[in-house]
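Undergrad: I am attaching a structure below and will ask some questions about it afterwards.
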Amino acid sequence: MTNLFRAYCARMFRHKFFIGGTILAFIITYYFTANGVTIHHFGMYETDFDYTLSVSLGIPAFFALFTPFFLGIEYSDGTIRNKIAAGNTRTEIYAASLLTMTAALAVMTVAWLAGGLMGANTLPDAGFIVISTVKLFLYNLANLAFLVMLSMSFTNQRASIVIQFSLFQIGFMIALALQGFMTVAEGTSFQVLRFLLNLFPLGQWLMSSLIGEGELMMSTVTMMCFSVFILIAVTALGLNILQKKDIK
């Protein structure tokens with residue numbers, strides 16, 4: 001699997017789409033962090049890092065396009081079939097794919113954080129920045145596991161790209177809708193909606209953004225556990241799907 005991972009990474013770190021996206025992540029985060037207050041001052045604003053957290057929505061948006069684009073070529077050019085013929089197991093291929101995308105997420109997270117720290121005039125304490133970044137990485141990783149599962153399940157690359165980016169947009173709207181419903185919900189209904197909102201990766205983003213209602217957020221440990229659970233469950237499901245898939 002090590003050789004597969006190296007080969008994937010070598011291709012990814014030369015990929016113009018990824019390089020361009022990483023550079024844009026830094027530039028966009030820097031700009032909105034430095035100019036967020038002048039663009040729009042939200043009532044929940046405390047430090048410029050709040051704008052850094054809000055603009056991080058660009059990370060799952062990017063991977064909703066890049067993941068199926070990068071991994072979809074495995075089917076379109078017959079690479080995955082050749083790897084299996086060469087003796088690589090489906091588990092190794094899936095693991096290498098997920099680890100490669102995890103490395104890509106780590107690099108983009110660093111670019112995002114660098115842009116935020118360099119663009120901010122006011123910052124919270126270091127502990128808050130570290131915890132927020134770890135939480136962001138985990139819920140994006142949970143989301144990424146879902147994207148990898150879909151990318152390894154669909155043989156049509158174009159369809160996979162359209163479906164995954166559409167699901168990102170739908171997910172964003174669902175997160176907003178859940179928050180909206182909670183303004184009129186009470187009792188058990190409120191607790192169920194709160195659970196779903198904090199379980200959902202884009203819901204976790206919303207809770208940390210300037211348009212989210214912070215009092216709806218569950219504890220950091222709980223949200224991190226949700227992300228780890230989704231990562232494990234979705235990865236297991238994706239592996240099972242790939243094992244049963246007829247690859248021609």
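Every chain in the structure tokens has a letter given in the order shown (A, B, ...), and although residue numbers restart at 1 in each chain, ligands are simply numbered from 1 in the order shown.
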Give me the segment 100-218 of chain A side of the contact with segment 47-67 of chain A, cut-off 6 Å, one line per residue showing its nearest atom pair and distance in Å at one decimal, counting only C-alpha atoms, sorted by chain and residue number, as a tab-separated table.

TA:
```
residue	atom	partner	partner_atom	distance
A:Gly116	CA	A:Thr52	CA	5.2
A:Ala120	CA	A:Asp48	CA	5.2
A:Thr122	CA	A:Thr47	CA	5.2
A:Leu123	CA	A:Thr47	CA	5.4
A:Ile161	CA	A:Leu65	CA	5.9
A:Gln164	CA	A:Ala64	CA	5.5
A:Phe165	CA	A:Ala64	CA	5.1
A:Ser209	CA	A:Ser54	CA	4.3
```

Undergrad: Name all residues at most 9 Å from Leu4 of chain A (count only C-alpha atoms; drop same-chain ones fewer than 2 positions away) and give them as a VMD selection string.

TA: chain A and resid 1 to 2 6 to 9 83 88 92 to 93 96 to 97

Undergrad: Hey, which of A:Phe226, A:Phe70, A:Trp112, A:Phe128 ends up closest to Ser208 of chain A? Count only C-alpha atoms.

TA: A:Phe128

Undergrad: Just checking: using only C-alpha atoms, which residue out of A:Phe195, A:Leu150, A:Arg11, A:Ser189 ends up closest to Ile241 of chain A?

TA: A:Leu150

Undergrad: Check the smallest atom-to-atom distance from each of A:Met108, A:Ala236, A:Ile174, A:Ala145 to Thr29 of chain A using only C-alpha atoms, then report the winner.

TA: A:Met108

Undergrad: What does the distance between atom CA of Trp205 of chain A and atom CA of Tyr139 of chain A come to in Å, to one decimal place?

TA: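 Between atom CA of Trp205 of chain A and atom CA of Tyr139 of chain A the gap is 7.9 Å.
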
Undergrad: Which of segment 53-239 of chain A end up as alpha helix (DSSP H) when DSSP is run on this backbone - answer as a VMD selection string?

TA: chain A and resid 53 to 55 58 to 76 79 to 85 90 to 119 126 to 153 157 to 181 187 to 199 201 to 208 220 to 239

Undergrad: Give me the residues near Met118 of chain A as a tab-separated table (two decimals) with C-alpha atoms, in the first residue's frame, where near means some atom within 8 Å (using only C-alpha atoms) and where sequence neighbours in that chain fewer than 3 positions away do not count.

TA:
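In the end it all went to result.tsv:
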```tsv
chain	number	residue	atom	x	y	z
A	30	TYR	CA	-6.40	36.07	4.04
A	114	ALA	CA	-1.89	30.45	7.46
A	115	GLY	CA	-4.13	32.82	5.53
```

Undergrad: Can you tell me, as number ranges by chain, what residues are no more than 10 Å from segment 238-240 of chain A when counting only C-alpha atoms, ignoring any on the same chain fewer than 3 positions away?

TA: A: 90-95, 145-153, 232-235, 243-245

Undergrad: I'd like the neighbourhood of segment 179-182 of chain A as a list in words, where a residue qualifies if any of its atoms comes within 9 Å (using only C-alpha atoms), though same-chain residues fewer than 6 positions away should be ignored.

TA: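 The filter keeps Ser189, Phe190, Gln191, Leu193, Arg194, Leu197, Gly203, Leu206, Gly212, Glu213 and Leu216 of chain A.
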
Undergrad: Distance atom CA of Ser227 of chain A-atom CA of Met101 of chain A, one decimal place?

TA: 16.3 Å

Undergrad: Quick one, how far is atom CA of Leu237 of chain A from atom CA of Phe168 of chain A?

TA: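 One can read the atom CA of Leu237 of chain A to atom CA of Phe168 of chain A distance as 19.6 Å.
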